[in-house]
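To be precise, the following lines are structure.cif, and they hold mmCIF, C-alpha atoms.
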data_target
#
loop_
_atom_site.group_PDB
_atom_site.id
_atom_site.type_symbol
_atom_site.label_atom_id
_atom_site.label_comp_id
_atom_site.auth_asym_id
_atom_site.auth_seq_id
_atom_site.Cartn_x
_atom_site.Cartn_y
_atom_site.Cartn_z
ATOM 1 C CA MET V 1 -5.302 -15.764 29.521
ATOM 2 C CA GLN V 2 -8.479 -14.596 31.215
ATOM 3 C CA GLN V 3 -11.721 -14.222 29.333
ATOM 4 C CA GLY V 4 -14.373 -11.703 30.280
ATOM 5 C CA ASP V 5 -16.536 -14.307 32.050
ATOM 6 C CA GLY V 6 -13.706 -15.372 34.370
ATOM 7 C CA THR V 7 -12.820 -18.662 32.674
ATOM 8 C CA GLU V 8 -9.364 -19.355 31.340
ATOM 9 C CA ALA V 9 -8.768 -19.851 27.633
ATOM 10 C CA GLN V 10 -5.863 -22.063 26.698
ATOM 11 C CA VAL V 11 -3.584 -20.493 24.082
ATOM 12 C CA THR V 12 -2.340 -23.201 21.753
ATOM 13 C CA TRP V 13 0.617 -23.040 19.417
ATOM 14 C CA ASP V 14 -1.786 -22.560 16.486
ATOM 15 C CA ASP V 15 -3.511 -19.707 18.317
ATOM 16 C CA GLN V 16 -0.174 -18.009 18.893
ATOM 17 C CA GLN V 17 0.726 -18.463 15.226
ATOM 18 C CA ASN V 18 -2.582 -16.836 14.224
ATOM 19 C CA ILE V 19 -1.970 -13.934 16.613
ATOM 20 C CA ASN V 20 1.550 -13.477 15.222
ATOM 21 C CA ARG V 21 0.277 -13.658 11.653
ATOM 22 C CA PHE V 22 -2.371 -11.042 12.443
ATOM 23 C CA GLY V 23 0.335 -8.774 13.854
ATOM 24 C CA ARG V 24 2.509 -9.158 10.757
ATOM 25 C CA LEU V 25 -0.458 -8.460 8.493
ATOM 26 C CA ASN V 26 -1.341 -5.400 10.540
ATOM 27 C CA ASN V 27 2.225 -4.087 10.233
ATOM 28 C CA ARG V 28 2.177 -4.655 6.477
ATOM 29 C CA LEU V 29 -1.174 -2.863 6.276
ATOM 30 C CA HIS V 30 0.385 0.214 7.875
ATOM 31 C CA GLU V 31 3.360 0.043 5.500
ATOM 32 C CA LEU V 32 0.962 -0.259 2.569
ATOM 33 C CA ALA V 33 -0.933 2.827 3.695
ATOM 34 C CA ASP V 34 2.294 4.831 3.405
ATOM 35 C CA GLU V 35 3.195 3.245 0.061
ATOM 36 C CA ILE V 36 -0.286 3.955 -1.311
ATOM 37 C CA ARG V 37 -0.075 7.572 -0.169
ATOM 38 C CA LEU V 38 3.307 7.965 -1.908
ATOM 39 C CA ALA V 39 2.033 6.253 -5.066
ATOM 40 C CA LYS V 40 -0.962 8.602 -5.192
ATOM 41 C CA GLU V 41 1.340 11.589 -4.801
ATOM 42 C CA ALA V 42 3.538 10.272 -7.619
ATOM 43 C CA ASN V 43 0.471 9.857 -9.845
ATOM 44 C CA GLU V 44 -0.609 13.418 -9.099
ATOM 45 C CA ASN V 45 2.888 14.736 -9.820
ATOM 46 C CA LEU V 46 3.002 12.908 -13.145
ATOM 47 C CA GLU V 47 -0.428 14.264 -14.032
ATOM 48 C CA ASP V 48 0.717 17.784 -13.156
ATOM 49 C CA ALA V 49 3.837 17.319 -15.280
ATOM 50 C CA GLY V 50 1.678 16.191 -18.200
ATOM 51 C CA ASN V 51 -0.520 19.260 -17.819
ATOM 52 C CA GLU V 52 2.514 21.551 -17.731
ATOM 53 C CA LEU V 53 3.861 19.836 -20.817
ATOM 54 C CA ILE V 54 0.627 20.547 -22.681
ATOM 55 C CA LEU V 55 0.967 24.237 -21.837
ATOM 56 C CA SER V 56 4.556 24.361 -23.058
ATOM 57 C CA ASP V 57 5.124 25.636 -26.582
ATOM 58 C CA GLU V 58 8.764 24.585 -26.813
ATOM 59 C CA ASP V 59 10.033 21.833 -29.087
ATOM 60 C CA VAL V 60 12.763 20.800 -26.638
ATOM 61 C CA VAL V 61 12.082 20.593 -22.903
ATOM 62 C CA ARG V 62 14.111 19.725 -19.842
ATOM 63 C CA PHE V 63 13.313 16.277 -18.465
ATOM 64 C CA GLN V 64 14.655 14.978 -15.168
ATOM 65 C CA ILE V 65 16.393 11.626 -15.367
ATOM 66 C CA GLY V 66 17.586 10.600 -11.936
ATOM 67 C CA GLU V 67 19.233 13.684 -10.513
ATOM 68 C CA VAL V 68 20.056 15.438 -13.775
ATOM 69 C CA PHE V 69 18.012 17.302 -16.328
ATOM 70 C CA ALA V 70 18.370 16.450 -20.006
ATOM 71 C CA HIS V 71 17.080 18.412 -22.973
ATOM 72 C CA MET V 72 14.725 16.122 -24.884
ATOM 73 C CA PRO V 73 12.303 16.561 -27.761
ATOM 74 C CA MET V 74 8.717 17.215 -26.676
ATOM 75 C CA ASP V 75 7.431 14.018 -28.350
ATOM 76 C CA ASP V 76 9.936 11.837 -26.497
ATOM 77 C CA VAL V 77 9.037 13.436 -23.181
ATOM 78 C CA GLU V 78 5.314 12.920 -23.830
ATOM 79 C CA THR V 79 5.890 9.251 -24.641
ATOM 80 C CA ARG V 80 8.089 8.735 -21.612
ATOM 81 C CA LEU V 81 5.644 10.543 -19.356
ATOM 82 C CA GLU V 82 2.765 8.346 -20.543
ATOM 83 C CA GLN V 83 4.812 5.233 -19.805
ATOM 84 C CA MET V 84 5.609 6.535 -16.342
ATOM 85 C CA LYS V 85 1.915 7.265 -15.712
ATOM 86 C CA GLU V 86 0.957 3.721 -16.758
ATOM 87 C CA GLU V 87 3.614 2.185 -14.526
ATOM 88 C CA ALA V 88 2.563 4.352 -11.576
ATOM 89 C CA ALA V 89 -1.110 3.437 -12.090
ATOM 90 C CA LYS V 90 -0.240 -0.277 -12.223
ATOM 91 C CA LYS V 91 1.829 0.024 -9.056
ATOM 92 C CA LEU V 92 -1.021 1.779 -7.253
ATOM 93 C CA GLU V 93 -3.445 -0.914 -8.430
ATOM 94 C CA ARG V 94 -1.127 -3.682 -7.152
ATOM 95 C CA LEU V 95 -0.834 -1.953 -3.790
ATOM 96 C CA GLU V 96 -4.615 -1.572 -3.513
ATOM 97 C CA GLU V 97 -5.092 -5.265 -4.389
ATOM 98 C CA GLU V 98 -2.550 -6.279 -1.755
ATOM 99 C CA LYS V 99 -4.353 -4.092 0.785
ATOM 100 C CA GLU V 100 -7.683 -5.766 0.017
ATOM 101 C CA SER V 101 -6.081 -9.199 0.323
ATOM 102 C CA ILE V 102 -4.571 -8.325 3.687
ATOM 103 C CA LEU V 103 -7.864 -6.933 4.971
ATOM 104 C CA ALA V 104 -9.622 -10.165 3.959
ATOM 105 C CA GLN V 105 -6.986 -12.298 5.714
ATOM 106 C CA MET V 106 -7.200 -10.139 8.826
ATOM 107 C CA ALA V 107 -11.002 -10.437 8.880
ATOM 108 C CA GLU V 108 -10.712 -14.232 8.722
ATOM 109 C CA LEU V 109 -8.167 -14.279 11.548
ATOM 110 C CA LYS V 110 -10.395 -11.973 13.624
ATOM 111 C CA LYS V 111 -13.283 -14.429 13.248
ATOM 112 C CA ILE V 112 -11.096 -17.311 14.382
ATOM 113 C CA LEU V 113 -9.482 -15.482 17.292
ATOM 114 C CA TYR V 114 -12.601 -13.705 18.550
ATOM 115 C CA GLY V 115 -14.482 -17.004 18.224
ATOM 116 C CA LYS V 116 -12.098 -18.644 20.659
ATOM 117 C CA PHE V 117 -11.073 -15.790 22.953
ATOM 118 C CA LYS V 118 -14.182 -13.576 22.757
ATOM 119 C CA ASP V 119 -13.470 -10.306 24.610
ATOM 120 C CA ALA V 120 -10.204 -11.545 26.149
ATOM 121 C CA ILE V 121 -8.358 -10.456 23.016
ATOM 122 C CA ASN V 122 -8.394 -7.060 21.387
ATOM 123 C CA LEU V 123 -7.482 -6.934 17.711
ATOM 124 C CA GLU V 124 -8.959 -3.509 17.015
ATOM 125 C CA GLU V 125 -6.851 -0.379 16.766
ATOM 126 C CA ASP V 126 -7.732 2.630 18.832
#
Output the structure of this file as structure tokens.
Amino acid sequence: MQQGDGTEAQVTWDDQQNINRFGRLNNRLHELADEIRLAKEANENLEDAGNELILSDEDVVRFQIGEVFAHMPMDDVETRLEQMKEEAAKKLERLEEEKESILAQMAELKKILYGKFKDAINLEED
């Protein structure tokens, strides 16, 4: 591997493992971005459903369970919707925490790899 100043940098087994780990973390980061986007959309949809439920003046409403709609009492739907909102918020929080953890690990690997290879390695995305 050639460095910018013309000297050769020896790539050790540990270096290759760090490069591979960085690649896996980067892939997971991209997957997380999609999962976070979907989780945010789910949260918004649940919030919209809650708002529509508030506007409804019916005692029994249709509630989707899987692929079917069931007629359920308004109170049961409100309770179930609140549980779903809590679960969705917790999922989004877990995903955000995982993202922060991955970013921290990637920053540490960047320091190690750029420290050894300087400008001979590019870990930045275009």
Selection near V:Ile54, 10 Å with all atoms listed in the file, sequence-local residues under 4 positions removed, as number ranges by chain:
V: 48-50, 58, 74, 78
Find the residues around V:Leu109 up to 10 Å (all atoms listed in the file counted), leave out those fewer than 5 positions away in its own chain, and share them as a CSV table (one decimal) with C-alpha atoms, in the coordinates of the input.
chain,number,residue,atom,x,y,z
V,15,ASP,CA,-3.5,-19.7,18.3
V,18,ASN,CA,-2.6,-16.8,14.2
V,19,ILE,CA,-2.0,-13.9,16.6
V,21,ARG,CA,0.3,-13.7,11.7
V,22,PHE,CA,-2.4,-11.0,12.4
V,103,LEU,CA,-7.9,-6.9,5.0
V,104,ALA,CA,-9.6,-10.2,4.0
V,114,TYR,CA,-12.6,-13.7,18.6
V,115,GLY,CA,-14.5,-17.0,18.2
V,123,LEU,CA,-7.5,-6.9,17.7
Among listed residues V:Val11, V:Ile65, V:Leu29, V:Leu38, nearest V:Met106 (using all atoms listed in the file):
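Nearest candidate to V:Met106 out of V:Val11, V:Ile65, V:Leu29, V:Leu38: V:Leu29.
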Each side padded by 5 Å, which centre and which edge lengths in Å (one decimal) define the axis-aligned box around the listed atoms of stretch 106-115 of chain V? Give them as AutoDock Vina command-line options.
--center_x -10.8 --center_y -13.7 --center_z 13.6 --size_x 17.3 --size_y 17.2 --size_z 19.8
Expressed in Å to a single decimal, how great is the separation between atom CA of V:Leu46 and atom CA of V:Met84?
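Answer for the atom CA of V:Leu46 to atom CA of V:Met84 separation: 7.6 Å.
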Here is a test: counting only C-alpha atoms, which residue of V:Ala88, V:Phe117, V:Ser101, V:Glu124 is nearest to V:Glu35?
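Distance minimum relative to V:Glu35 lands on V:Ala88.
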Any chance you could resolve the PyMOL selection byres ((chain V and resi 61) around 9) against this file and give the residues as a list in words?
Leu53, Ser56, Glu58, Asp59, Val60, Arg62, Phe63, Ala70, His71, Met72, Pro73, Met74 and Val77 of chain V
Return the single residue from V:Glu82, V:Asp76, V:Glu67, V:Glu96 that is closest to V:Arg37, with distances computed using all atoms listed in the file.
V:Glu96
What is the atom CA of V:Arg24 to atom CA of V:Asp126 distance in Å?
17.6 Å
When distances are computed from all atoms listed in the file, which of V:Asn122, V:Asn26, V:Asp75, V:Lys85 shows the smallest separation from V:Lys40?
V:Lys85
To one decimal place, how far is atom CA of V:Phe69 from atom CA of V:Lys91 in Å?
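A separation of 24.8 Å between them.
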